[in-house]
$ cat upload_11.csv   # CSV, C-alpha atoms
chain,number,residue,atom,x,y,z
A,1,MET,CA,0.0,0.0,0.0
A,2,LEU,CA,2.8,2.4,0.9
A,3,ARG,CA,4.6,1.7,-2.3
A,4,ARG,CA,1.4,2.5,-4.3
A,5,MET,CA,1.0,5.8,-2.5
A,6,LYS,CA,4.6,6.8,-3.3
A,7,THR,CA,4.1,5.9,-6.9
A,8,ARG,CA,0.9,8.0,-7.2
A,9,ARG,CA,2.6,11.0,-5.5
A,10,GLY,CA,5.6,10.6,-7.9
A,11,ILE,CA,3.3,10.6,-10.9
A,12,ARG,CA,1.4,13.7,-9.7
A,13,GLY,CA,4.6,15.5,-9.0
A,14,LEU,CA,6.0,14.7,-12.4
A,15,ALA,CA,2.8,16.0,-14.1
A,16,ARG,CA,3.0,19.2,-12.1
A,17,ARG,CA,6.6,19.8,-13.1
A,18,SER,CA,5.8,19.0,-16.8
A,19,ALA,CA,2.9,21.5,-16.7
A,20,SER,CA,5.1,24.2,-15.2
A,21,VAL,CA,7.9,23.6,-17.7
A,22,GLY,CA,5.7,23.2,-20.9
A,23,GLY,CA,3.1,25.9,-20.3
A,24,PHE,CA,3.0,29.5,-21.5
A,25,THR,CA,2.3,32.6,-19.5
A,26,LEU,CA,0.0,35.3,-20.8
A,27,VAL,CA,2.9,37.6,-21.5
A,28,GLU,CA,4.6,34.9,-23.5
A,29,LEU,CA,1.5,34.3,-25.6
A,30,LEU,CA,1.1,38.1,-26.3
A,31,VAL,CA,4.8,38.2,-27.4
A,32,VAL,CA,4.3,35.3,-29.8
A,33,ILE,CA,1.1,36.9,-31.3
A,34,ALA,CA,2.9,40.2,-31.7
A,35,VAL,CA,5.8,38.5,-33.5
A,36,ILE,CA,3.4,36.7,-35.9
A,37,ALA,CA,1.5,39.9,-36.6
A,38,LEU,CA,4.8,41.7,-37.4
A,39,LEU,CA,5.9,38.9,-39.8
A,40,MET,CA,2.5,39.1,-41.5
A,41,ALA,CA,2.8,42.8,-41.9
A,42,ILE,CA,6.2,42.3,-43.6
A,43,LEU,CA,5.3,39.3,-45.7
A,44,ILE,CA,1.8,40.2,-47.0
A,45,PRO,CA,2.9,43.2,-49.2
A,46,ALA,CA,5.7,41.1,-50.6
A,47,LEU,CA,3.2,38.2,-51.4
A,48,THR,CA,0.8,40.6,-52.9
A,49,LYS,CA,3.5,42.1,-55.2
A,50,ALA,CA,4.6,38.6,-56.1
A,51,ARG,CA,1.0,37.7,-57.0
A,52,THR,CA,0.6,40.8,-59.2
A,53,GLN,CA,3.9,40.0,-60.9
A,54,ALA,CA,2.7,36.4,-61.6
A,55,LYS,CA,-0.6,37.7,-63.1
A,56,ARG,CA,1.4,40.2,-65.3
A,57,VAL,CA,3.6,37.3,-66.6
A,58,SER,CA,0.5,35.2,-67.2
A,59,CYS,CA,-1.1,38.1,-69.1
A,60,LEU,CA,2.1,38.5,-71.2
A,61,SER,CA,1.9,34.8,-72.1
A,62,ASN,CA,-1.7,35.2,-73.2
A,63,LEU,CA,-0.6,38.1,-75.5
A,64,LYS,CA,2.2,36.0,-77.0
A,65,GLN,CA,-0.3,33.3,-77.8
A,66,LEU,CA,-2.6,35.8,-79.5
A,67,MET,CA,0.3,37.3,-81.4
A,68,THR,CA,1.2,33.8,-82.6
A,69,ALA,CA,-2.4,33.3,-83.8
A,70,TRP,CA,-2.4,36.8,-85.4
A,71,ILE,CA,0.8,35.9,-87.4
A,72,ALA,CA,-0.5,32.5,-88.3
A,73,TYR,CA,-3.7,34.0,-89.7
A,74,ALA,CA,-1.6,36.3,-91.9
A,75,ASP,CA,0.7,33.5,-93.0
A,76,ASN,CA,-2.4,31.5,-94.1
A,77,SER,CA,-3.9,34.5,-95.9
A,78,ASP,CA,-1.0,35.5,-98.1
A,79,GLY,CA,0.0,38.3,-95.8
A,80,LYS,CA,-3.4,39.8,-95.2
A,81,ILE,CA,-3.9,40.5,-91.6
A,82,VAL,CA,-7.1,39.7,-89.7
A,83,ASN,CA,-10.0,42.2,-89.5
A,84,GLY,CA,-9.2,44.1,-86.3
A,85,GLY,CA,-12.7,45.5,-85.9
A,86,GLN,CA,-15.4,44.4,-83.6
A,87,ALA,CA,-18.4,46.6,-84.5
A,88,PRO,CA,-20.6,47.3,-87.5
A,89,GLY,CA,-19.6,50.2,-89.9
A,90,ASN,CA,-16.1,50.5,-88.6
A,91,SER,CA,-14.4,47.7,-90.4
A,92,PRO,CA,-14.4,45.9,-93.8
A,93,ALA,CA,-17.5,44.3,-95.1
A,94,PRO,CA,-19.0,41.3,-93.3
A,95,THR,CA,-17.4,38.9,-95.8
A,96,GLU,CA,-14.3,39.4,-93.7
A,97,PRO,CA,-15.0,38.1,-90.2
A,98,TYR,CA,-13.9,40.0,-87.1
A,99,TRP,CA,-11.0,38.6,-85.2
A,100,CYS,CA,-12.9,38.1,-81.9
A,101,THR,CA,-16.7,37.9,-82.6
A,102,SER,CA,-19.2,36.7,-85.2
A,103,TYR,CA,-21.5,39.0,-87.0
A,104,PRO,CA,-25.0,39.3,-85.5
A,105,SER,CA,-28.0,37.9,-87.4
A,106,SER,CA,-31.6,37.2,-86.6
A,107,THR,CA,-30.6,34.0,-85.0
A,108,GLU,CA,-27.4,35.3,-83.5
A,109,PRO,CA,-28.0,38.8,-82.1
A,110,GLY,CA,-25.4,41.0,-80.6
A,111,TYR,CA,-21.6,41.1,-80.4
A,112,ASP,CA,-19.3,39.7,-77.7
A,113,TRP,CA,-19.2,43.1,-76.0
A,114,CYS,CA,-23.0,43.5,-75.7
A,115,THR,CA,-23.5,43.9,-71.9
A,116,ASP,CA,-26.7,45.8,-71.3
A,117,GLY,CA,-28.0,46.0,-74.9
A,118,THR,CA,-27.6,49.8,-75.2
A,119,GLU,CA,-24.2,49.7,-77.0
A,120,PRO,CA,-24.1,50.4,-80.8
A,121,GLY,CA,-24.9,47.3,-82.8
A,122,CYS,CA,-26.4,45.4,-79.9
A,123,SER,CA,-30.0,46.3,-80.8
A,124,GLY,CA,-31.2,46.1,-77.2
A,125,THR,CA,-29.7,42.6,-76.8
A,126,SER,CA,-27.9,41.7,-73.6
A,127,LEU,CA,-25.5,38.7,-73.6
A,128,LYS,CA,-24.6,36.5,-70.7
A,129,TYR,CA,-21.0,35.5,-70.1
A,130,GLU,CA,-21.5,32.1,-71.7
A,131,GLN,CA,-23.0,33.7,-74.8
A,132,LYS,CA,-20.1,36.2,-75.1
A,133,VAL,CA,-17.7,33.2,-75.0
A,134,GLU,CA,-19.6,31.5,-77.8
A,135,LYS,CA,-19.4,34.6,-79.9
A,136,LEU,CA,-15.7,34.7,-79.2
A,137,LYS,CA,-15.3,31.2,-80.4
A,138,LYS,CA,-16.7,32.2,-83.8
A,139,GLY,CA,-14.1,34.9,-84.3
A,140,ALA,CA,-11.5,34.6,-87.0
A,141,LEU,CA,-8.6,34.0,-84.6
A,142,PHE,CA,-10.1,31.3,-82.4
A,143,ARG,CA,-9.1,28.4,-84.8
A,144,TYR,CA,-5.5,29.5,-84.2
A,145,CYS,CA,-5.9,30.2,-80.4
A,146,SER,CA,-8.6,28.0,-79.2
A,147,ASN,CA,-8.2,28.4,-75.4
A,148,GLU,CA,-10.8,31.0,-74.3
A,149,LYS,CA,-8.7,31.8,-71.2
A,150,MET,CA,-6.1,33.4,-73.5
A,151,TYR,CA,-8.4,36.2,-74.3
A,152,ARG,CA,-8.5,37.7,-70.9
A,153,CYS,CA,-6.0,39.0,-68.3
A,154,PRO,CA,-6.0,37.1,-65.0
A,155,GLU,CA,-6.2,40.6,-63.3
A,156,ALA,CA,-9.7,41.1,-64.8
A,157,ASP,CA,-13.0,40.5,-62.9
A,158,LYS,CA,-14.3,36.9,-63.3
A,159,ASP,CA,-17.4,38.0,-65.3
A,160,VAL,CA,-15.2,39.7,-68.0
A,161,HIS,CA,-14.6,37.3,-70.8
A,162,ARG,CA,-12.1,39.4,-72.9
A,163,THR,CA,-9.7,42.2,-72.1
A,164,TYR,CA,-7.7,42.5,-75.3
A,165,ILE,CA,-8.4,44.8,-78.2
A,166,ILE,CA,-6.8,45.7,-81.6
A,167,PRO,CA,-6.1,49.3,-82.5
A,168,CYS,CA,-7.9,51.1,-85.4
A,169,SER,CA,-4.7,51.2,-87.4
A,170,MET,CA,-4.6,47.4,-87.8
A,171,ASN,CA,-7.2,46.7,-90.5
A,172,ALA,CA,-9.9,48.3,-88.4
A,173,VAL,CA,-10.4,51.7,-90.0
A,174,CYS,CA,-12.8,53.9,-88.0
A,175,ASP,CA,-14.3,57.2,-88.8
A,176,HIS,CA,-13.4,58.5,-85.3
A,177,CYS,CA,-9.6,58.3,-85.9
A,178,GLY,CA,-9.4,61.3,-88.2
A,179,GLN,CA,-7.6,59.3,-90.8
A,180,ALA,CA,-8.8,58.2,-94.3
A,181,ASP,CA,-8.0,54.8,-95.6
A,182,ASP,CA,-5.0,56.0,-97.7
A,183,GLY,CA,-2.5,53.3,-96.8
A,184,THR,CA,-2.0,54.3,-93.3
A,185,ILE,CA,-4.3,51.6,-92.1
A,186,VAL,CA,-2.3,48.4,-92.2
A,187,LYS,CA,-4.0,45.6,-94.1
A,188,ARG,CA,-1.0,43.4,-95.0
A,189,THR,CA,2.1,42.4,-93.1
A,190,GLY,CA,4.2,43.8,-96.0
A,191,GLN,CA,3.1,47.3,-95.0
A,192,LEU,CA,4.6,47.0,-91.5
A,193,LYS,CA,7.9,48.8,-90.8
A,194,LYS,CA,9.6,48.4,-87.5
A,195,SER,CA,7.1,45.7,-86.5
A,196,VAL,CA,8.9,45.4,-83.1
A,197,GLU,CA,7.4,48.9,-82.3
A,198,ARG,CA,3.9,48.4,-83.7
A,199,ALA,CA,1.3,47.3,-81.2
A,200,VAL,CA,-1.4,44.8,-82.2
A,201,PHE,CA,-3.1,44.1,-78.9
A,202,PHE,CA,-3.9,46.5,-76.0
A,203,GLU,CA,-5.3,45.8,-72.6
A,204,GLU,CA,-8.7,47.1,-71.4
A,205,LYS,CA,-10.4,46.3,-68.1
A,206,GLU,CA,-13.6,45.7,-69.9
A,207,ILE,CA,-14.0,45.7,-73.7
A,208,THR,CA,-15.9,48.5,-75.3
A,209,ALA,CA,-17.4,48.8,-78.8
A,210,ASP,CA,-15.2,49.4,-81.9
A,211,ALA,CA,-11.5,48.8,-82.2
A,212,PHE,CA,-9.2,50.8,-80.0
A,213,GLN,CA,-9.3,54.5,-81.1
A,214,PHE,CA,-6.3,56.8,-81.1
A,215,ASP,CA,-6.3,59.9,-83.4
A,216,TYR,CA,-3.7,60.1,-86.2
A,217,ASP,CA,-3.5,63.9,-85.8
A,218,ILE,CA,0.3,64.6,-85.8
A,219,SER,CA,-0.1,68.4,-85.3
A,220,ASN,CA,-2.1,67.9,-82.1
A,221,PRO,CA,-1.4,64.5,-80.6
A,222,HIS,CA,-3.7,63.9,-77.7
A,223,TRP,CA,-5.5,61.3,-75.5
A,224,ARG,CA,-9.0,60.6,-76.4
A,225,THR,CA,-11.6,60.9,-73.7
A,226,ASP,CA,-13.4,57.6,-74.8
A,227,ASP,CA,-10.5,55.3,-75.5
A,228,VAL,CA,-7.2,55.0,-73.6
A,229,PRO,CA,-5.2,52.0,-72.4
A,230,ASN,CA,-6.0,51.0,-68.8
A,231,ILE,CA,-3.6,50.4,-65.9
A,232,MET,CA,-3.8,46.7,-65.4
A,233,HIS,CA,-0.5,45.9,-63.7
A,234,GLY,CA,1.0,48.5,-61.4
A,235,ASP,CA,1.3,51.8,-63.3
A,236,GLY,CA,1.2,50.3,-66.8
A,237,ALA,CA,-0.2,47.7,-69.1
A,238,ASN,CA,0.8,44.9,-71.4
A,239,PHE,CA,1.0,45.1,-75.1
A,240,GLY,CA,1.4,42.6,-78.0
A,241,PHE,CA,3.6,43.7,-80.9
A,242,ALA,CA,3.6,42.8,-84.6
A,243,ASP,CA,6.9,41.0,-84.5
A,244,GLY,CA,5.3,38.5,-82.1
A,245,HIS,CA,6.7,39.6,-78.7
A,246,ALA,CA,4.7,41.0,-75.8
A,247,ASP,CA,5.9,43.5,-73.2
A,248,PHE,CA,4.9,45.6,-70.3
A,249,HIS,CA,4.9,49.4,-70.7
A,250,LYS,CA,4.9,51.7,-67.6
A,251,TRP,CA,3.3,55.1,-68.0
A,252,GLU,CA,5.9,57.8,-67.2
A,253,CYS,CA,3.6,60.8,-66.6
A,254,GLN,CA,1.8,61.0,-63.3
A,255,LYS,CA,-1.0,62.9,-64.9
A,256,THR,CA,-1.6,60.0,-67.3
A,257,ILE,CA,-1.7,57.6,-64.4
A,258,ASP,CA,-4.0,59.8,-62.3
A,259,TRP,CA,-6.3,60.3,-65.3
A,260,ILE,CA,-6.7,56.6,-66.0
A,261,ARG,CA,-7.3,55.8,-62.4
A,262,ARG,CA,-10.0,58.4,-62.3
A,263,ASP,CA,-11.8,56.5,-65.0
A,264,HIS,CA,-10.8,59.2,-67.6
A,265,LYS,CA,-12.6,62.0,-65.9
A,266,PRO,CA,-11.5,65.6,-66.7
A,267,PRO,CA,-9.1,67.3,-66.9
A,268,VAL,CA,-7.6,65.4,-69.8
A,269,PRO,CA,-3.8,65.5,-69.8
A,270,LEU,CA,-2.3,67.7,-72.6
A,271,TYR,CA,0.6,66.7,-74.8
A,272,SER,CA,2.6,69.4,-73.1
A,273,ASP,CA,1.9,67.6,-69.8
A,274,CYS,CA,2.5,64.0,-70.9
A,275,GLU,CA,4.4,64.2,-74.2
A,276,LYS,CA,6.4,61.0,-73.5
A,277,ASP,CA,3.3,58.8,-73.0
A,278,ILE,CA,1.3,60.4,-75.8
A,279,ALA,CA,4.2,60.2,-78.3
A,280,TRP,CA,4.9,56.6,-77.4
A,281,MET,CA,1.3,55.8,-77.9
A,282,HIS,CA,1.2,57.5,-81.3
A,283,ASN,CA,4.2,55.6,-82.5
A,284,VAL,CA,2.9,52.1,-81.4
A,285,VAL,CA,-0.5,52.8,-83.0
A,286,TRP,CA,0.5,54.6,-86.3
A,287,GLY,CA,4.2,54.0,-86.6
A,288,VAL,CA,4.9,57.7,-86.6
A,289,VAL,CA,7.3,59.4,-84.2
A,290,VAL,CA,5.9,62.7,-82.9
A,291,ASP,CA,8.6,65.3,-82.3
$ encode --input "upload_11.csv" --output "structure tokens"
Amino acid sequence: MLRRMKTRRGIRGLARRSASVGGFTLVELLVVIAVIALLMAILIPALTKARTQAKRVSCLSNLKQLMTAWIAYADNSDGKIVNGGQAPGNSPAPTEPYWCTSYPSSTEPGYDWCTDGTEPGCSGTSLKYEQKVEKLKKGALFRYCSNEKMYRCPEADKDVHRTYIIPCSMNAVCDHCGQADDGTIVKRTGQLKKSVERAVFFEEKEITADAFQFDYDISNPHWRTDDVPNIMHGDGANFGFADGHADFHKWECQKTIDWIRRDHKPPVPLYSDCEKDIAWMHNVVWGVVVD
């Protein structure tokens, strides 16, 4: 009996000693929590930046795939580039399909950018996300780039099916550009000079009607109030170029950045304010360097 009592006392003493050695005081717990919070404050911005960089790289990969498709289309069409338009009246005749959407008909209303039905050419027809994707699949480039995910930047909202657009200068003549179809509008790859500098695809947060518009006016180069590249990654956006490469361009003028972030609300930056950004844009769209 005495031996059993000693054994029980020994076990209880050992348990008490273990508890006193292995336990944490309130102060120690608070210190641990503070250290974890400090580490999170340091690591979260770095992780967010890394995530943004990863999405930028993924977007560049998409643009490279689209550029490969764009070049393949021209190679299979004796050098004629795909119709860069996406709206009625602003591109060649319907016998030449748009790059990204099918023409509407009585059985197939609307274009792939018809959201609420009020846009030009939508005729009051609103399209759901799945319908927009189906329109996209009937575009002229889809046979060369058949992954629908390649047509949108990972940075975009989930309900946006496409974030890339072709400028008016690439076989998408538009009345709004202030430029007649006198050879300045590129229709064949043989017309391209310095293809490494000519942009074919731009980024937009949400696609609007028509091709991307940027006026040709050399005497007064300026941003348009209805069409300007968005800021998708940091202070810039990705572009796909006619030689097949894709690259990120950072806007240099703070007034450009502020204007885009304000959803293009006035005042509109002047050339004298942001000549580097506007001159760069004029060159990649029209192939003309503005002095």
$ residues_around --input "upload_11.csv" --residues "Met150 (chain A)" --least-positions-apart "2" --cutoff "8 Å" --atoms "all atoms listed in the file" --output "VMD selection string"
chain A and resid 62 to 63 65 to 66 145 147 to 148 152 to 153
$ residues_around --input "upload_11.csv" --residues "region 222-229 of chain A" --least-positions-apart "2" --cutoff "7 Å" --atoms "all atoms listed in the file" --output "VMD selection string"
chain A and resid 202 to 204 212 to 214 220 231 264 270 to 271 278
$ write_last_selection --input "upload_11.csv" --atoms "C-alpha atoms" --output "PDB file, in the coordinates of the input"
ATOM      1  CA  PHE A 202      -3.900  46.500 -76.000  1.00  0.00           C
ATOM      2  CA  GLU A 203      -5.300  45.800 -72.600  1.00  0.00           C
ATOM      3  CA  GLU A 204      -8.700  47.100 -71.400  1.00  0.00           C
ATOM      4  CA  PHE A 212      -9.200  50.800 -80.000  1.00  0.00           C
ATOM      5  CA  GLN A 213      -9.300  54.500 -81.100  1.00  0.00           C
ATOM      6  CA  PHE A 214      -6.300  56.800 -81.100  1.00  0.00           C
ATOM      7  CA  ASN A 220      -2.100  67.900 -82.100  1.00  0.00           C
ATOM      8  CA  ILE A 231      -3.600  50.400 -65.900  1.00  0.00           C
ATOM      9  CA  HIS A 264     -10.800  59.200 -67.600  1.00  0.00           C
ATOM     10  CA  LEU A 270      -2.300  67.700 -72.600  1.00  0.00           C
ATOM     11  CA  TYR A 271       0.600  66.700 -74.800  1.00  0.00           C
ATOM     12  CA  ILE A 278       1.300  60.400 -75.800  1.00  0.00           C
TER      13      ILE A 278
END
$ closest_residue --input "upload_11.csv" --among "A:Asn76, A:Thr189, A:Asn83, A:Thr118" --to "Pro167 (chain A)" --atoms "only C-alpha atoms"
A:Asn83
$ atom_distance --input "upload_11.csv" --atom1 "CA of Val31 (chain A)" --atom2 "CA of Lys49 (chain A)"
28.1 Å
$ atom_distance --input "upload_11.csv" --atom1 "CA of Thr125 (chain A)" --atom2 "CA of Gly110 (chain A)"
6.0 Å
$ atom_distance --input "upload_11.csv" --atom1 "CA of Thr68 (chain A)" --atom2 "CA of Ala140 (chain A)"
13.5 Å
$ closest_residue --input "upload_11.csv" --among "A:Cys274, A:Leu30, A:Ile166, A:Val288" --to "Tyr216 (chain A)" --atoms "all atoms listed in the file"
A:Val288
$ residues_around --input "upload_11.csv" --residues "Ile257 (chain A)" --least-positions-apart "3" --cutoff "12 Å" --atoms "all atoms listed in the file" --output "PyMOL selection string"
chain A and resi 228-237+250-254+260-265+268-269+273-274+277
$ closest_residue --input "upload_11.csv" --among "A:Gln53, A:Gln191, A:Ala172, A:Ala69" --to "Pro97 (chain A)" --atoms "all atoms listed in the file"
A:Ala172
$ residues_around --input "upload_11.csv" --residues "region 208-211 of chain A" --least-positions-apart "3" --cutoff "12 Å" --atoms "all atoms listed in the file" --output "ChimeraX atom specification"
/A:83-91,98-101,110-122,160,162-177,200-205,214,226-229,285
$ residues_around --input "upload_11.csv" --residues "Gly79 (chain A)" --least-positions-apart "2" --cutoff "9 Å" --atoms "all atoms listed in the file" --output "list in words"
Ile71, Tyr73, Ala74, Asp75, Asn76, Ser77, Ile81, Lys187, Arg188, Thr189 and Gly190 of chain A
